[in-house]
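Student: Below is a structure I'd like to ask you about.
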Amino acid sequence: MKQKLKKRIQNKPAAVSAFVALFSICVAFVNFIQEDSLFEIVFRQAKSELYTQMLSTAAPSLFYEKKEKNLLNDILQQVYHVIPVYRYVTDAEEYATQEESQISYEAIIAKEAADENYVDETTGEVITSGEAETAGQTDVPVAEDVSMPAETPVLDASIGEAPVVETAPEGVFTPNQTKVVSYSPEKLNDFDYLIQNFYVVDRTTTINSSQLNAADLLSRSMKLTHGAEAPQILIYHTHSQERFADSNPQDPATSIVGVGEYLTQLLTGYGFHVLHHTGEYDLKTRDDAYSKAGPAIEQILKENPSIEIVIDLHRDGVAEGTRLVTNVQGKQMASIMFFNGLSRTTKNGDISYLPNPYIQDNLAFSLQMQIAAEEYYPDFSRMIYLKGYRYNMHLCPKTLLVEVGAQTNTVQEVMNAMEPLADILAKVVGGT
């Protein structure tokens, strides 16, 4: 009887294969739509038995010929080869980042500001990242290619004398000591909730739940481990020529460098030892600013091994009708945005020639800063922007790239924003 049944099934291999394939597709579909549900747990427990019953009923000859315990795994391996999508949907959860994570005002603003769009200082015209590539005015990844020659400025000259900020912004800022809002670990550990409420993902890149794992990112300590006897924090500006609506082109104190000097003063008041580097890397063009800044920053870190935190302070570029202004304690100030490069593009995957071993630490730092900002100063910080390149964030684990306001903000608004920013940083990295 067994020989007869075996012969009958062998005469219909296409039917058996089709049945196995159809069942596998159904399993894949159910797995995909029932992620982490009670049904999924029950389904996993029953899946092995379902496979066994199906195969023993529809293809008993397979059991007749091979009775080893690993028979089911062997069959599944064959199914994987025939239907590779099944392995994909059961092994990984990818977020569809071809579109922005949330269609909102913040997402639109972040989209306009993608990749620190070049803004003509004379006309105020915004050149988007796509147009800038042809205009020669963007931070494209080739600028960081290590094979490109880059001159390292003389450090004594590039650090130089910081611009003098003679007076503090008007009004008195009192750091908030209690949280205005709070976020539960359960919510933050939900990947969809996290990415929709804290991130805008540029279409140039992708991110998944293994990288944006809140439990992991929030468990990484950003606290300083060295005392203030030596430099602890480095502030610099890849784009030192960025100015604001009422900046004086002849006065660096009204540029992004002057803003960095005020942040230095504030952090010093919190007890930190801060080194403000005022090297200029974008005098003639922005194209190679990152490749020029990289060796200089690397040298500074080598000469000052006590530095644990690196902040690249920028000004954003938006459409002329856009105003990035918020109100904190009755003071008008520019909103800020934390920016991360993932060294990965949607089209080509990981960028092998732009490695960054500190991506997870970078992400942890910006997320902890973002949550602190939301908890103590709601609406002060825009959502974290994720893009595909590196931006010299590979030089130090605790690196922040911060966008402060835009060309449409006043110098006063941007200076005001340094006050809550300094307090947020002190809350995240200070203490034990």
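Chain labels A, B, ... are given in the sequence in which chains occur in the structure tokens; within each chain residues are numbered consecutively from 1, and ligands are likewise numbered from 1 in the order shown.
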Might you pull out every residue within 10 Å of range 219-225 of chain A, with only C-alpha atoms counted and same-chain residues fewer than 6 positions away left off, and present them as number ranges by chain?
Tutor: A: 232-233, 272, 306-309, 360-361, 364-365, 368-369, 397-398, 425-432
Student: Near Thr268 in chain A, counting only C-alpha atoms, which residues have an atom at most 12 Å away, once you skip same-chain residues fewer than 2 positions from it, shown as a list in words?
Tutor: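 What passes the distance filter is Ala228, Pro231, Gln232, Ile233, Leu234, Glu261, Tyr262, Leu263, Thr264, Gln265, Leu266, Tyr270, Gly271, Phe272, His273, Val274, Leu275, His276, Ala422, Asp423, Leu425 and Ala426 of chain A.
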Student: Rounded to one decimal in Å, what is the spacing between CA of Phe244 in chain A and CA of Ala293 in chain A?
Tutor: 22.1 Å
Student: Would you mind listing what lies within 10 Å of Ile359 in chain A as a PDB file with N, CA and C atoms, in the first residue's frame, with only C-alpha atoms counted and same-chain residues fewer than 2 positions away left out?
Tutor:
ATOM      1  N   GLN A 211      17.914  49.280  14.947  1.00  0.00           N
ATOM      2  CA  GLN A 211      18.708  50.482  15.173  1.00  0.00           C
ATOM      3  C   GLN A 211      17.988  51.467  16.079  1.00  0.00           C
ATOM      4  N   ASN A 340      21.025  63.335  12.368  1.00  0.00           N
ATOM      5  CA  ASN A 340      21.889  62.152  12.366  1.00  0.00           C
ATOM      6  C   ASN A 340      22.145  61.647  10.951  1.00  0.00           C
ATOM      7  N   GLY A 341      23.372  61.259  10.684  1.00  0.00           N
ATOM      8  CA  GLY A 341      23.711  60.573   9.445  1.00  0.00           C
ATOM      9  C   GLY A 341      23.850  59.088   9.711  1.00  0.00           C
ATOM     10  N   LEU A 342      23.313  58.262   8.825  1.00  0.00           N
ATOM     11  CA  LEU A 342      23.297  56.804   9.041  1.00  0.00           C
ATOM     12  C   LEU A 342      24.292  56.036   8.188  1.00  0.00           C
ATOM     13  N   SER A 343      25.049  56.731   7.346  1.00  0.00           N
ATOM     14  CA  SER A 343      26.009  56.063   6.449  1.00  0.00           C
ATOM     15  C   SER A 343      25.332  54.957   5.649  1.00  0.00           C
ATOM     16  N   PRO A 355      32.413  54.592   6.802  1.00  0.00           N
ATOM     17  CA  PRO A 355      32.011  53.817   7.983  1.00  0.00           C
ATOM     18  C   PRO A 355      31.879  54.693   9.216  1.00  0.00           C
ATOM     19  N   ASN A 356      30.960  54.342  10.070  1.00  0.00           N
ATOM     20  CA  ASN A 356      30.790  55.030  11.342  1.00  0.00           C
ATOM     21  C   ASN A 356      30.492  53.990  12.420  1.00  0.00           C
ATOM     22  N   PRO A 357      31.514  53.636  13.222  1.00  0.00           N
ATOM     23  CA  PRO A 357      31.286  52.633  14.268  1.00  0.00           C
ATOM     24  C   PRO A 357      30.447  53.147  15.422  1.00  0.00           C
ATOM     25  N   ASP A 361      25.649  55.042  19.138  1.00  0.00           N
ATOM     26  CA  ASP A 361      25.905  56.034  20.191  1.00  0.00           C
ATOM     27  C   ASP A 361      25.407  57.412  19.751  1.00  0.00           C
ATOM     28  N   ASN A 362      25.644  57.758  18.482  1.00  0.00           N
ATOM     29  CA  ASN A 362      25.123  59.024  17.951  1.00  0.00           C
ATOM     30  C   ASN A 362      23.605  59.084  18.091  1.00  0.00           C
ATOM     31  N   LEU A 363      22.945  57.991  17.716  1.00  0.00           N
ATOM     32  CA  LEU A 363      21.483  57.933  17.797  1.00  0.00           C
ATOM     33  C   LEU A 363      21.011  58.009  19.246  1.00  0.00           C
ATOM     34  N   ALA A 364      21.752  57.355  20.136  1.00  0.00           N
ATOM     35  CA  ALA A 364      21.393  57.386  21.555  1.00  0.00           C
ATOM     36  C   ALA A 364      21.479  58.808  22.100  1.00  0.00           C
ATOM     37  N   PHE A 365      22.540  59.521  21.723  1.00  0.00           N
ATOM     38  CA  PHE A 365      22.748  60.880  22.223  1.00  0.00           C
ATOM     39  C   PHE A 365      21.630  61.812  21.755  1.00  0.00           C
ATOM     40  N   ARG A 390      27.313  60.814   6.506  1.00  0.00           N
ATOM     41  CA  ARG A 390      28.042  60.642   7.772  1.00  0.00           C
ATOM     42  C   ARG A 390      28.277  61.935   8.552  1.00  0.00           C
ATOM     43  N   MET A 393      30.362  62.427  11.994  1.00  0.00           N
ATOM     44  CA  MET A 393      29.865  61.966  13.283  1.00  0.00           C
ATOM     45  C   MET A 393      30.564  60.692  13.736  1.00  0.00           C
ATOM     46  N   HIS A 394      31.488  60.211  12.927  1.00  0.00           N
ATOM     47  CA  HIS A 394      32.245  59.006  13.263  1.00  0.00           C
ATOM     48  C   HIS A 394      33.466  59.298  14.124  1.00  0.00           C
ATOM     49  N   CYS A 396      33.593  60.712  17.121  1.00  0.00           N
ATOM     50  CA  CYS A 396      33.386  60.623  18.569  1.00  0.00           C
ATOM     51  C   CYS A 396      32.020  59.991  18.834  1.00  0.00           C
ATOM     52  N   PRO A 397      31.925  59.054  19.790  1.00  0.00           N
ATOM     53  CA  PRO A 397      30.624  58.420  20.061  1.00  0.00           C
ATOM     54  C   PRO A 397      29.538  59.422  20.440  1.00  0.00           C
ATOM     55  N   LYS A 398      29.884  60.364  21.316  1.00  0.00           N
ATOM     56  CA  LYS A 398      28.903  61.342  21.785  1.00  0.00           C
ATOM     57  C   LYS A 398      28.991  62.595  20.904  1.00  0.00           C
ATOM     58  N   THR A 399      28.476  62.479  19.703  1.00  0.00           N
ATOM     59  CA  THR A 399      28.500  63.586  18.751  1.00  0.00           C
ATOM     60  C   THR A 399      27.084  64.059  18.456  1.00  0.00           C
TER      61      THR A 399
END
Student: Skipping near chain neighbours, those fewer than 5 positions away, what residues fall within 7 Å of Leu401 in chain A using only C-alpha atoms, listed as a list of chain:residue names?
Tutor: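 Contacts, in chain order: A:Ile311, A:Asp312, A:Leu313, A:Phe338, A:Phe339, A:Asn340.
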Student: Take the residues that were just selected and, keeping all heavy atoms, output them as an mmCIF file, in the first residue's frame.
Tutor:
data_model
loop_
_atom_site.group_PDB
_atom_site.id
_atom_site.type_symbol
_atom_site.label_atom_id
_atom_site.label_comp_id
_atom_site.auth_asym_id
_atom_site.auth_seq_id
_atom_site.Cartn_x
_atom_site.Cartn_y
_atom_site.Cartn_z
ATOM 1 N N ILE A 311 30.110 68.794 19.425
ATOM 2 C CA ILE A 311 28.891 69.428 18.919
ATOM 3 C C ILE A 311 29.238 70.234 17.675
ATOM 4 O O ILE A 311 30.038 71.166 17.739
ATOM 5 C CB ILE A 311 28.253 70.356 19.971
ATOM 6 C CG1 ILE A 311 27.907 69.573 21.236
ATOM 7 C CG2 ILE A 311 27.006 71.032 19.395
ATOM 8 C CD1 ILE A 311 27.415 70.450 22.380
ATOM 9 N N ASP A 312 28.640 69.873 16.557
ATOM 10 C CA ASP A 312 28.770 70.635 15.314
ATOM 11 C C ASP A 312 27.524 71.509 15.213
ATOM 12 O O ASP A 312 26.425 71.012 14.953
ATOM 13 C CB ASP A 312 28.889 69.679 14.124
ATOM 14 C CG ASP A 312 29.211 70.404 12.823
ATOM 15 O OD1 ASP A 312 29.441 71.622 12.864
ATOM 16 O OD2 ASP A 312 29.226 69.729 11.773
ATOM 17 N N LEU A 313 27.697 72.804 15.428
ATOM 18 C CA LEU A 313 26.563 73.715 15.504
ATOM 19 C C LEU A 313 26.342 74.401 14.163
ATOM 20 O O LEU A 313 27.249 75.017 13.611
ATOM 21 C CB LEU A 313 26.819 74.761 16.598
ATOM 22 C CG LEU A 313 25.638 75.615 17.057
ATOM 23 C CD1 LEU A 313 24.556 74.737 17.689
ATOM 24 C CD2 LEU A 313 26.105 76.675 18.047
ATOM 25 N N PHE A 338 17.952 68.184 15.994
ATOM 26 C CA PHE A 338 19.083 67.267 16.003
ATOM 27 C C PHE A 338 19.087 66.476 14.698
ATOM 28 O O PHE A 338 18.035 66.118 14.172
ATOM 29 C CB PHE A 338 19.013 66.330 17.211
ATOM 30 C CG PHE A 338 19.010 67.054 18.522
ATOM 31 C CD1 PHE A 338 17.864 67.084 19.318
ATOM 32 C CD2 PHE A 338 20.129 67.741 18.949
ATOM 33 C CE1 PHE A 338 17.852 67.765 20.518
ATOM 34 C CE2 PHE A 338 20.129 68.435 20.154
ATOM 35 C CZ PHE A 338 18.988 68.446 20.937
ATOM 36 N N PHE A 339 20.268 66.208 14.194
ATOM 37 C CA PHE A 339 20.446 65.659 12.848
ATOM 38 C C PHE A 339 21.414 64.481 12.932
ATOM 39 O O PHE A 339 22.485 64.596 13.531
ATOM 40 C CB PHE A 339 21.031 66.770 11.971
ATOM 41 C CG PHE A 339 21.132 66.461 10.503
ATOM 42 C CD1 PHE A 339 20.254 67.029 9.599
ATOM 43 C CD2 PHE A 339 22.138 65.636 10.014
ATOM 44 C CE1 PHE A 339 20.372 66.780 8.233
ATOM 45 C CE2 PHE A 339 22.264 65.370 8.670
ATOM 46 C CZ PHE A 339 21.372 65.943 7.775
ATOM 47 N N ASN A 340 21.025 63.335 12.368
ATOM 48 C CA ASN A 340 21.889 62.152 12.366
ATOM 49 C C ASN A 340 22.145 61.647 10.951
ATOM 50 O O ASN A 340 21.222 61.603 10.128
ATOM 51 C CB ASN A 340 21.260 61.011 13.169
ATOM 52 C CG ASN A 340 21.400 61.198 14.652
ATOM 53 O OD1 ASN A 340 20.502 61.729 15.293
ATOM 54 N ND2 ASN A 340 22.512 60.782 15.220
#
Student: So how many Å separate CA of Ala230 in chain A and CA of Leu395 in chain A, to one decimal?
Tutor: 18.9 Å
